[in-house]
$ cat coords-v7.csv   # CSV, C-alpha atoms
chain,number,residue,atom,x,y,z
U,1,MET,CA,16.7,-18.7,26.3
U,2,LYS,CA,13.0,-18.0,26.0
U,3,LYS,CA,10.6,-20.9,25.9
U,4,ILE,CA,7.2,-20.3,24.6
U,5,GLU,CA,4.9,-20.6,27.6
U,6,LYS,CA,1.6,-21.4,25.9
U,7,ASN,CA,0.2,-21.2,29.4
U,8,LYS,CA,-3.1,-22.8,29.8
U,9,ALA,CA,-5.8,-20.6,31.1
U,10,VAL,CA,-9.4,-21.1,32.2
U,11,TYR,CA,-12.0,-18.9,30.5
U,12,ILE,CA,-15.6,-18.5,31.7
U,13,ILE,CA,-18.3,-17.9,29.2
U,14,LYS,CA,-20.2,-14.7,30.0
U,15,ASP,CA,-22.5,-14.5,26.9
U,16,ILE,CA,-23.1,-16.2,23.6
U,17,ILE,CA,-24.2,-14.4,20.5
U,18,LYS,CA,-25.7,-16.3,17.6
U,19,GLU,CA,-24.2,-14.6,14.6
U,20,THR,CA,-25.6,-16.9,11.8
U,21,SER,CA,-27.3,-20.3,11.7
U,22,ASP,CA,-24.1,-22.1,12.4
U,23,VAL,CA,-21.8,-19.4,13.8
U,24,SER,CA,-21.6,-18.3,17.4
U,25,THR,CA,-19.5,-15.8,19.3
U,26,LEU,CA,-18.5,-16.9,22.8
U,27,LYS,CA,-17.8,-13.9,25.0
U,28,MET,CA,-15.4,-14.9,27.8
U,29,VAL,CA,-13.4,-13.6,30.8
U,30,MET,CA,-10.7,-15.3,32.8
U,31,GLU,CA,-11.4,-16.6,36.3
U,32,ASP,CA,-10.4,-13.2,37.9
U,33,ASN,CA,-12.9,-11.5,35.6
U,34,THR,CA,-10.2,-9.9,33.4
U,35,ILE,CA,-9.1,-10.5,29.9
U,36,PRO,CA,-5.6,-11.5,28.9
U,37,LEU,CA,-3.3,-9.1,27.0
U,38,PHE,CA,-3.4,-9.8,23.3
U,39,ARG,CA,-2.8,-8.2,19.9
U,40,PRO,CA,-5.7,-8.2,17.5
U,41,GLY,CA,-5.1,-11.0,15.0
U,42,GLN,CA,-4.0,-13.5,17.6
U,43,PHE,CA,-5.8,-16.7,18.5
U,44,ILE,CA,-6.3,-18.9,21.5
U,45,THR,CA,-6.0,-22.7,21.4
U,46,VAL,CA,-8.9,-24.5,23.1
U,47,TYR,CA,-8.4,-27.9,24.7
U,48,PHE,CA,-11.0,-30.7,25.1
U,49,GLU,CA,-8.6,-33.4,26.2
U,50,GLU,CA,-11.2,-36.2,26.0
U,51,TYR,CA,-11.1,-35.9,22.2
U,52,GLY,CA,-7.5,-37.1,22.2
U,53,THR,CA,-6.2,-34.0,20.6
U,54,PRO,CA,-3.6,-32.7,23.1
U,55,GLU,CA,-2.6,-30.0,20.6
U,56,GLY,CA,-6.1,-28.5,20.9
U,57,LYS,CA,-7.7,-26.4,18.2
U,58,SER,CA,-7.1,-22.7,17.6
U,59,TYR,CA,-9.7,-20.0,17.2
U,60,SER,CA,-9.0,-16.4,16.3
U,61,ILE,CA,-10.0,-13.7,18.8
U,62,SER,CA,-12.8,-11.6,17.3
U,63,SER,CA,-13.0,-8.9,20.0
U,64,SER,CA,-11.1,-5.7,20.2
U,65,THR,CA,-8.7,-5.0,23.1
U,66,LYS,CA,-11.2,-2.4,24.3
U,67,GLU,CA,-14.0,-4.8,25.1
U,68,LYS,CA,-14.6,-6.3,28.5
U,69,THR,CA,-14.6,-9.8,27.2
U,70,ILE,CA,-12.3,-11.8,25.0
U,71,ASN,CA,-14.4,-13.3,22.2
U,72,ILE,CA,-13.9,-16.2,19.8
U,73,THR,CA,-16.3,-16.6,16.9
U,74,VAL,CA,-16.8,-20.3,16.0
U,75,LYS,CA,-18.4,-22.0,13.1
U,76,ALA,CA,-19.9,-25.4,13.9
U,77,MET,CA,-18.2,-27.6,11.4
U,78,GLY,CA,-16.9,-30.7,13.3
U,79,GLU,CA,-17.4,-32.4,16.6
U,80,PHE,CA,-15.0,-30.0,18.4
U,81,SER,CA,-16.6,-26.8,17.1
U,82,HIS,CA,-20.1,-28.2,17.6
U,83,ARG,CA,-19.3,-28.8,21.2
U,84,LEU,CA,-18.0,-25.2,21.6
U,85,CYS,CA,-21.1,-23.8,20.0
U,86,LYS,CA,-23.3,-25.8,22.3
U,87,MET,CA,-21.7,-24.5,25.5
U,88,LYS,CA,-23.7,-22.3,27.9
U,89,VAL,CA,-23.2,-19.1,29.8
U,90,GLY,CA,-21.1,-20.0,33.0
U,91,ASP,CA,-19.4,-23.0,31.4
U,92,LYS,CA,-15.6,-23.1,31.6
U,93,ILE,CA,-13.2,-23.5,28.7
U,94,HIS,CA,-9.6,-24.6,29.0
U,95,ALA,CA,-7.5,-22.8,26.5
U,96,SER,CA,-4.1,-21.2,25.9
U,97,LEU,CA,-3.3,-17.5,26.4
U,98,PRO,CA,-3.4,-15.5,23.1
U,99,TYR,CA,-0.7,-16.3,20.6
U,100,GLY,CA,0.2,-15.8,16.9
U,101,PHE,CA,1.7,-13.3,14.5
U,102,PHE,CA,-1.2,-12.2,12.3
U,103,TYR,CA,-0.7,-8.5,12.9
U,104,SER,CA,1.0,-5.7,11.3
U,105,GLU,CA,3.9,-4.0,13.0
U,106,ASN,CA,3.5,-1.0,10.7
U,107,LYS,CA,1.1,1.4,12.4
U,108,ASP,CA,-0.1,3.3,9.4
U,109,SER,CA,-0.2,1.0,6.4
U,110,HIS,CA,-3.2,0.7,4.2
U,111,ILE,CA,-4.5,-2.9,4.8
U,112,ILE,CA,-6.2,-5.0,2.2
U,113,ILE,CA,-8.3,-7.8,3.7
U,114,ILE,CA,-9.1,-10.9,1.6
U,115,THR,CA,-11.3,-13.4,3.5
U,116,GLY,CA,-14.1,-15.8,3.3
U,117,GLY,CA,-16.7,-17.1,5.8
U,118,ILE,CA,-15.5,-17.5,9.3
U,119,GLY,CA,-12.1,-16.0,8.2
U,120,ILE,CA,-13.6,-12.6,9.1
U,121,ALA,CA,-13.2,-13.3,12.8
U,122,PRO,CA,-9.7,-11.9,13.4
U,123,PHE,CA,-10.5,-8.9,11.2
U,124,ARG,CA,-13.3,-7.7,13.5
U,125,SER,CA,-10.6,-7.5,16.2
U,126,ILE,CA,-8.1,-5.8,14.0
U,127,ILE,CA,-10.5,-3.3,12.5
U,128,LEU,CA,-12.2,-2.3,15.7
U,129,ASP,CA,-8.8,-1.7,17.3
U,130,ASN,CA,-7.6,0.6,14.5
U,131,PRO,CA,-10.4,3.1,13.9
U,132,ASP,CA,-8.0,5.5,12.1
U,133,ARG,CA,-6.4,3.0,9.7
U,134,LYS,CA,-7.6,2.5,6.2
U,135,PHE,CA,-9.0,-1.0,5.3
U,136,ASP,CA,-10.2,-2.4,2.0
U,137,ILE,CA,-12.2,-5.6,2.6
U,138,TYR,CA,-13.0,-8.4,0.1
U,139,TYR,CA,-15.3,-10.8,1.9
U,140,SER,CA,-16.7,-13.9,0.3
U,141,ASN,CA,-19.6,-16.1,1.5
U,142,ARG,CA,-21.7,-18.8,0.1
U,143,THR,CA,-25.0,-17.0,0.8
U,144,GLU,CA,-26.0,-13.6,2.1
U,145,SER,CA,-27.2,-15.2,5.4
U,146,ASP,CA,-23.7,-16.5,5.9
U,147,ILE,CA,-22.2,-13.0,6.2
U,148,ILE,CA,-20.9,-12.6,9.8
U,149,PHE,CA,-20.8,-9.2,11.6
U,150,LYS,CA,-22.5,-7.5,8.6
U,151,LYS,CA,-24.2,-4.7,10.6
U,152,GLU,CA,-20.9,-3.9,12.3
U,153,LEU,CA,-18.9,-4.0,9.2
U,154,ASP,CA,-21.3,-1.8,7.3
U,155,ALA,CA,-21.2,0.7,10.1
U,156,LEU,CA,-17.5,1.2,10.1
U,157,ALA,CA,-16.4,4.4,8.5
U,158,ASN,CA,-12.7,3.5,7.9
U,159,LYS,CA,-13.3,0.7,5.4
U,160,ASN,CA,-14.3,0.1,1.9
U,161,ILE,CA,-16.0,-3.3,1.8
U,162,LYS,CA,-17.1,-5.6,-1.0
U,163,TYR,CA,-19.2,-8.7,-0.4
U,164,PHE,CA,-19.0,-11.6,-2.7
U,165,ILE,CA,-21.8,-14.2,-2.7
U,166,THR,CA,-20.9,-17.5,-4.5
U,167,LYS,CA,-23.8,-19.9,-4.2
U,168,GLU,CA,-26.9,-17.7,-4.8
U,169,LYS,CA,-27.9,-14.5,-6.5
U,170,SER,CA,-27.9,-11.7,-4.0
U,171,LYS,CA,-28.9,-8.2,-4.8
U,172,GLY,CA,-26.4,-5.4,-4.0
U,173,HIS,CA,-23.5,-7.9,-3.8
U,174,ILE,CA,-21.1,-9.4,-6.3
U,175,ASN,CA,-22.4,-12.8,-7.2
U,176,ARG,CA,-19.2,-14.8,-7.8
U,177,ARG,CA,-15.9,-15.6,-6.2
U,178,ILE,CA,-13.3,-12.9,-5.4
U,179,GLU,CA,-10.8,-12.5,-8.3
U,180,ILE,CA,-7.4,-11.0,-8.1
U,181,LYS,CA,-8.4,-8.2,-10.5
U,182,ASP,CA,-11.1,-7.1,-8.0
U,183,ILE,CA,-8.3,-6.4,-5.5
U,184,LEU,CA,-5.4,-5.2,-7.6
U,185,GLY,CA,-7.5,-3.3,-10.1
U,186,ASN,CA,-8.9,-1.2,-7.3
U,187,ILE,CA,-5.6,0.1,-6.0
U,188,LYS,CA,-3.1,2.5,-7.6
U,189,THR,CA,0.0,1.0,-6.2
U,190,ILE,CA,0.8,-2.1,-4.2
U,191,LYS,CA,3.9,-0.5,-2.6
U,192,ASP,CA,2.4,0.8,0.5
U,193,LYS,CA,-0.2,-1.9,1.0
U,194,GLU,CA,-0.2,-4.8,3.4
U,195,PHE,CA,-2.3,-7.8,2.4
U,196,PHE,CA,-4.0,-9.9,5.0
U,197,ILE,CA,-5.5,-13.2,3.9
U,198,CYS,CA,-7.6,-15.4,6.2
U,199,GLY,CA,-9.6,-18.5,5.2
U,200,GLY,CA,-9.4,-22.1,4.3
U,201,ILE,CA,-6.0,-23.5,3.4
U,202,SER,CA,-6.6,-23.5,-0.3
U,203,PHE,CA,-8.3,-20.1,-0.3
U,204,VAL,CA,-5.2,-18.6,1.4
U,205,ARG,CA,-2.7,-20.5,-0.7
U,206,ASP,CA,-4.4,-19.4,-4.0
U,207,PHE,CA,-4.5,-15.7,-3.1
U,208,TRP,CA,-1.0,-15.8,-1.7
U,209,LYS,CA,0.2,-17.2,-5.1
U,210,LYS,CA,-1.8,-14.7,-7.1
U,211,LEU,CA,-0.5,-11.8,-5.1
U,212,ARG,CA,3.1,-13.0,-5.5
U,213,GLU,CA,2.5,-13.5,-9.3
U,214,ASN,CA,1.4,-9.9,-9.4
U,215,GLY,CA,4.5,-8.6,-7.8
U,216,VAL,CA,3.5,-8.3,-4.1
U,217,LYS,CA,6.5,-8.9,-1.9
U,218,GLU,CA,6.4,-11.9,0.5
U,219,GLU,CA,6.9,-9.7,3.5
U,220,MET,CA,3.8,-7.6,2.6
U,221,ILE,CA,1.5,-10.7,2.8
U,222,TYR,CA,0.1,-12.0,6.1
U,223,THR,CA,-1.7,-15.3,6.2
U,224,GLU,CA,-3.8,-17.2,8.6
U,225,ALA,CA,-5.3,-20.5,7.3
U,226,PHE,CA,-7.5,-23.2,8.8
U,227,PHE,CA,-9.1,-26.5,7.7
U,228,SER,CA,-12.4,-25.6,6.0
U,229,HIS,CA,-13.5,-29.2,5.4
V,1,MET,CA,-10.2,-58.0,0.9
V,2,LYS,CA,-6.7,-58.3,2.2
V,3,LYS,CA,-6.1,-54.7,1.3
V,4,ILE,CA,-9.2,-53.4,3.1
V,5,ILE,CA,-8.3,-55.2,6.3
V,6,LYS,CA,-4.8,-53.8,6.1
V,7,LYS,CA,-6.1,-50.3,5.8
V,8,LYS,CA,-8.4,-50.8,8.7
V,9,VAL,CA,-5.6,-52.2,10.8
V,10,ILE,CA,-3.3,-49.3,10.0
V,11,LYS,CA,-6.1,-46.7,10.7
V,12,LYS,CA,-6.7,-48.5,14.1
V,13,ILE,CA,-3.0,-48.3,15.0
V,14,ILE,CA,-2.8,-44.6,14.0
V,15,LYS,CA,-5.9,-43.8,16.0
V,16,SER,CA,-4.6,-45.7,19.1
V,17,LYS,CA,-1.3,-43.9,18.9
V,18,ASN,CA,-2.9,-40.6,18.3
V,19,VAL,CA,-0.8,-40.0,15.2
V,20,CYS,CA,-2.0,-37.4,12.7
V,21,ALA,CA,-1.6,-39.0,9.3
V,22,ASP,CA,-3.5,-39.8,6.2
V,23,VAL,CA,-2.6,-43.3,4.9
V,24,GLU,CA,-4.7,-43.1,1.8
V,25,ASP,CA,-3.4,-40.2,-0.2
V,26,TRP,CA,0.2,-39.7,0.9
V,27,VAL,CA,1.9,-37.8,-1.9
V,28,TYR,CA,5.2,-36.0,-1.4
V,29,SER,CA,6.9,-33.8,-4.0
V,30,ASP,CA,10.5,-34.7,-4.9
V,31,ILE,CA,11.6,-31.5,-3.1
V,32,VAL,CA,9.9,-32.7,0.1
V,33,LYS,CA,11.5,-36.1,-0.2
V,34,ASP,CA,14.9,-34.5,-0.8
V,35,HIS,CA,14.6,-32.3,2.3
V,36,PHE,CA,13.3,-35.1,4.4
V,37,PHE,CA,16.1,-37.5,3.4
V,38,HIS,CA,18.8,-34.8,3.3
V,39,PRO,CA,17.7,-32.1,5.8
V,40,ARG,CA,19.8,-28.9,5.7
V,41,ASN,CA,21.1,-27.0,8.7
V,42,ILE,CA,20.1,-29.5,11.4
V,43,PHE,CA,21.4,-28.6,14.8
V,44,PHE,CA,23.5,-31.3,16.4
V,45,ASP,CA,24.3,-31.2,20.1
V,46,ASP,CA,27.1,-28.9,20.7
V,47,GLU,CA,27.5,-27.4,24.1
V,48,LYS,CA,29.8,-24.7,22.8
V,49,TYR,CA,27.3,-23.4,20.2
V,50,MET,CA,26.3,-19.9,21.1
V,51,ALA,CA,23.2,-18.8,19.4
V,52,ASP,CA,22.0,-15.2,19.3
V,53,GLY,CA,18.4,-16.3,19.6
V,54,ILE,CA,16.5,-19.5,20.3
V,55,GLY,CA,12.8,-20.3,19.6
V,56,ILE,CA,10.9,-23.3,20.7
V,57,VAL,CA,7.3,-24.1,19.8
V,58,GLY,CA,5.0,-27.1,20.1
V,59,SER,CA,5.4,-29.8,22.7
V,60,PRO,CA,6.4,-33.5,22.7
V,61,ALA,CA,2.9,-34.3,24.2
V,62,CYS,CA,1.3,-32.9,21.0
V,63,GLY,CA,3.6,-35.0,18.8
V,64,ASP,CA,5.5,-32.2,17.4
V,65,MET,CA,8.1,-29.9,18.8
V,66,MET,CA,10.3,-27.4,17.0
V,67,SER,CA,13.5,-25.6,18.1
V,68,VAL,CA,15.3,-23.0,16.0
V,69,TRP,CA,18.7,-21.4,16.8
V,70,VAL,CA,19.8,-18.3,14.9
V,71,LYS,CA,23.0,-16.3,14.6
V,72,ILE,CA,22.6,-12.7,13.4
V,73,ASP,CA,25.1,-10.5,11.5
V,74,LYS,CA,24.9,-7.4,13.7
V,75,LYS,CA,26.2,-5.1,11.0
V,76,THR,CA,23.7,-6.1,8.3
V,77,ASN,CA,20.9,-7.3,10.6
V,78,ARG,CA,20.7,-10.5,8.5
V,79,ILE,CA,20.4,-14.1,9.5
V,80,LYS,CA,23.8,-15.8,9.1
V,81,GLU,CA,23.1,-19.1,10.7
V,82,CYS,CA,19.7,-20.9,11.2
V,83,LYS,CA,19.9,-24.3,12.8
V,84,TRP,CA,16.9,-26.4,13.8
V,85,ARG,CA,15.8,-29.6,15.4
V,86,THR,CA,12.3,-31.1,15.5
V,87,PHE,CA,10.4,-33.9,17.1
V,88,GLY,CA,8.0,-34.2,14.2
V,89,CYS,CA,6.9,-35.9,11.0
V,90,ALA,CA,8.5,-36.0,7.5
V,91,SER,CA,6.6,-32.9,6.5
V,92,ALA,CA,7.8,-31.0,9.6
V,93,ILE,CA,11.4,-32.0,8.8
V,94,ALA,CA,11.1,-31.0,5.1
V,95,SER,CA,9.3,-27.7,5.9
V,96,THR,CA,11.8,-26.6,8.5
V,97,SER,CA,14.8,-27.7,6.4
V,98,MET,CA,13.3,-25.5,3.5
V,99,MET,CA,12.6,-22.7,6.0
V,100,SER,CA,16.3,-22.7,7.1
V,101,VAL,CA,17.4,-22.6,3.4
V,102,MET,CA,15.1,-19.7,2.7
V,103,ALA,CA,16.3,-17.8,5.8
V,104,LEU,CA,20.0,-18.1,4.7
V,105,GLU,CA,19.9,-17.7,0.9
V,106,ASN,CA,21.0,-14.5,-0.9
V,107,GLY,CA,23.2,-13.4,2.0
V,108,GLY,CA,20.5,-14.2,4.6
V,109,MET,CA,17.1,-12.7,5.2
V,110,THR,CA,16.8,-9.4,7.0
V,111,LEU,CA,15.1,-9.8,10.4
V,112,ASP,CA,12.0,-8.0,9.1
V,113,GLN,CA,11.8,-10.3,6.1
V,114,ALA,CA,12.3,-13.4,8.3
V,115,LYS,CA,9.6,-12.3,10.7
V,116,ARG,CA,7.2,-12.2,7.8
V,117,MET,CA,7.9,-15.6,6.4
V,118,THR,CA,4.7,-17.5,5.8
V,119,PRO,CA,3.8,-21.2,5.7
V,120,GLU,CA,2.5,-20.5,2.1
V,121,ALA,CA,6.0,-19.4,1.0
V,122,ILE,CA,7.6,-22.5,2.5
V,123,ILE,CA,5.0,-24.8,1.0
V,124,ASP,CA,5.4,-23.1,-2.4
V,125,ARG,CA,9.1,-23.8,-2.4
V,126,LEU,CA,8.5,-27.4,-1.4
V,127,GLY,CA,6.3,-27.9,-4.4
V,128,GLY,CA,3.2,-28.3,-2.2
V,129,LEU,CA,2.2,-30.2,0.9
V,130,PRO,CA,-1.1,-32.1,1.6
V,131,ASP,CA,-3.5,-29.7,3.3
V,132,ARG,CA,-3.6,-31.8,6.4
V,133,LYS,CA,0.2,-31.3,6.8
V,134,TYR,CA,-0.2,-27.5,6.6
V,135,HIS,CA,0.3,-27.3,10.4
V,136,CYS,CA,3.9,-28.8,10.0
V,137,SER,CA,5.0,-25.8,8.0
V,138,VAL,CA,3.5,-23.4,10.6
V,139,LEU,CA,5.8,-24.7,13.4
V,140,GLY,CA,9.1,-23.9,11.6
V,141,HIS,CA,8.2,-20.2,10.8
V,142,GLN,CA,6.8,-19.7,14.3
V,143,ALA,CA,10.0,-21.1,15.9
V,144,LEU,CA,12.1,-18.8,13.6
V,145,ARG,CA,9.9,-15.9,14.7
V,146,GLU,CA,10.4,-16.8,18.3
V,147,ALA,CA,14.1,-17.1,17.8
V,148,ILE,CA,14.3,-13.6,16.3
V,149,GLU,CA,12.3,-12.1,19.1
V,150,ASP,CA,14.5,-13.9,21.6
V,151,TYR,CA,17.5,-12.2,19.9
V,152,GLU,CA,15.9,-8.8,19.9
V,153,GLU,CA,15.0,-9.2,23.6
V,154,ASN,CA,18.6,-10.4,24.4
V,155,ARG,CA,19.9,-7.3,22.6
V,156,LYS,CA,17.9,-4.9,24.8
V,157,LYS,CA,19.5,-6.4,28.0

$ encode --input "coords-v7.csv" --output "structure tokens"
Amino acid sequence: MKKIEKNKAVYIIKDIIKETSDVSTLKMVMEDNTIPLFRPGQFITVYFEEYGTPEGKSYSISSSTKEKTINITVKAMGEFSHRLCKMKVGDKIHASLPYGFFYSENKDSHIIIITGGIGIAPFRSIILDNPDRKFDIYYSNRTESDIIFKKELDALANKNIKYFITKEKSKGHINRRIEIKDILGNIKTIKDKEFFICGGISFVRDFWKKLRENGVKEEMIYTEAFFSH
Amino acid sequence: MKKIIKKKVIKKIIKSKNVCADVEDWVYSDIVKDHFFHPRNIFFDDEKYMADGIGIVGSPACGDMMSVWVKIDKKTNRIKECKWRTFGCASAIASTSMMSVMALENGGMTLDQAKRMTPEAIIDRLGGLPDRKYHCSVLGHQALREAIEDYEENRKK
């Protein structure tokens, strides 16, 4: 019998990158200066026990396995995430080892990414770890300044990316929400595609339903959802 | 006035017991109620039960714990039994009950299909769950995934 050992680990913050006005990337190592084994798409669960949440809160890993640090990219939304964003270099974080199943076991499939805001975090890890795989990215944000990892995303050769801006007019981007026709109208066949959705619970639910209504098989859809309010 | 005080008292109790709940807008679909009151495929203590794979997620300290036992048809690589037990809330019970039904219907899911089950598929079949109960549907499919991986590892030995 195998029990899941969500072993708690201690991470030390080595650097903090301010990505946008309310999003920061914490670059961390473990106490022995290594990073734990993980698969891109996984998350770690952070514990601040004084908040009375023994289950902690989970944050997707945004770094690739090739980096020297394990990174989480955090949007300051509530008390918990504000505290994370205010931490300093050298501070220690108690968290779990990497966990989760938001990854493809098919090495070569063409991946369609549908995401919004901070939901891009696990995809940075997934894309950087798969430089030869084909990705189509549909990335929605309220404003242009909310786009995270824009320079890095634009520099990647193995992707076709479309930015959607919903709360302002932004030149060079699509100024509305992502629609299912944007995604399915752009691909010849859904058969060999895997769809990855990451965002708020309703965002993920809505796209999951629309993909299913359009004939995408359940096992071809991967989801990762979080509270966005 | 009475109503307001009552709500405040309930909230205080919930806070003090560290229970995750929303007392204000508590709406369950009829399917959720059915699976909560009549859960399918529950595991009852049976020392003789020999599962092919076992998955456990969560912990009692967190207020929710989920265990799943599976038996696999080795010829077809499909799930033929999917039992479960949880220390969790009504939504966790209903979600896992539905998850077990989905895993077994139409001759049982293949292992590849079962590994790819999502909380969205479970919630859809339940006729919806409040967003704050999303977490409850995650545990069931994680435990199923762990049980399948346990089976696959046992098979290698």

$ interface_residues --input "coords-v7.csv" --of "chain V" --to "chain U" --cutoff "10 Å" --atoms "all atoms listed in the file" --output "PyMOL selection string"
chain V and resi 15-20+51-64+67+112-121+123-124+128+131-132+134-135+138+142-143+145-147+149-151+153-154

$ atom_distance --input "coords-v7.csv" --atom1 "CA of Ala92 in chain V" --atom2 "CA of Cys136 in chain V"
4.5 Å

$ residues_around --input "coords-v7.csv" --residues "Lys210 in chain U" --least-positions-apart "5" --cutoff "10 Å" --atoms "only C-alpha atoms" --output "list in words"
Glu179, Ile180, Lys181, Val204, Arg205, Gly215 and Val216 of chain U

$ write_last_selection --input "coords-v7.csv" --atoms "C-alpha atoms" --output "JSON list (two decimals), in the coordinates of the input"
[["chain", "number", "residue", "atom", "x", "y", "z"],
["U", 179, "GLU", "CA", -10.80, -12.50, -8.30],
["U", 180, "ILE", "CA", -7.40, -11.00, -8.10],
["U", 181, "LYS", "CA", -8.40, -8.20, -10.50],
["U", 204, "VAL", "CA", -5.20, -18.60, 1.40],
["U", 205, "ARG", "CA", -2.70, -20.50, -0.70],
["U", 215, "GLY", "CA", 4.50, -8.60, -7.80],
["U", 216, "VAL", "CA", 3.50, -8.30, -4.10]]

$ atom_distance --input "coords-v7.csv" --atom1 "CA of His141 in chain V" --atom2 "CA of Phe123 in chain U"
21.9 Å

$ residues_near_point --input "coords-v7.csv" --point "(-15.0, -7.7, 21.8)" --cutoff "10 Å" --atoms "all atoms listed in the file" --output "MDAnalysis selection string"
chainID U and resid 25:28 61:72 124:125 128:129

$ atom_distance --input "coords-v7.csv" --atom1 "CA of Glu152 in chain U" --atom2 "CA of Lys193 in chain U"
23.7 Å

$ closest_residue --input "coords-v7.csv" --among "U:Ile127, U:Leu211, U:Leu156, U:Lys92" --to "Arg39 in chain U" --atoms "only C-alpha atoms"
U:Ile127

$ closest_residue --input "coords-v7.csv" --among "U:Ser140, U:Asp108, U:Thr189, U:Leu184" --to "Glu213 in chain U" --atoms "only C-alpha atoms"
U:Leu184

$ residues_near_point --input "coords-v7.csv" --point "(-4.3, -13.9, 34.0)" --cutoff "12 Å" --atoms "only C-alpha atoms" --output "list in words"
Asn7, Lys8, Ala9, Val10, Tyr11, Val29, Met30, Glu31, Asp32, Asn33, Thr34, Ile35, Pro36, Leu37, Phe38, Ser96, Leu97 and Pro98 of chain U
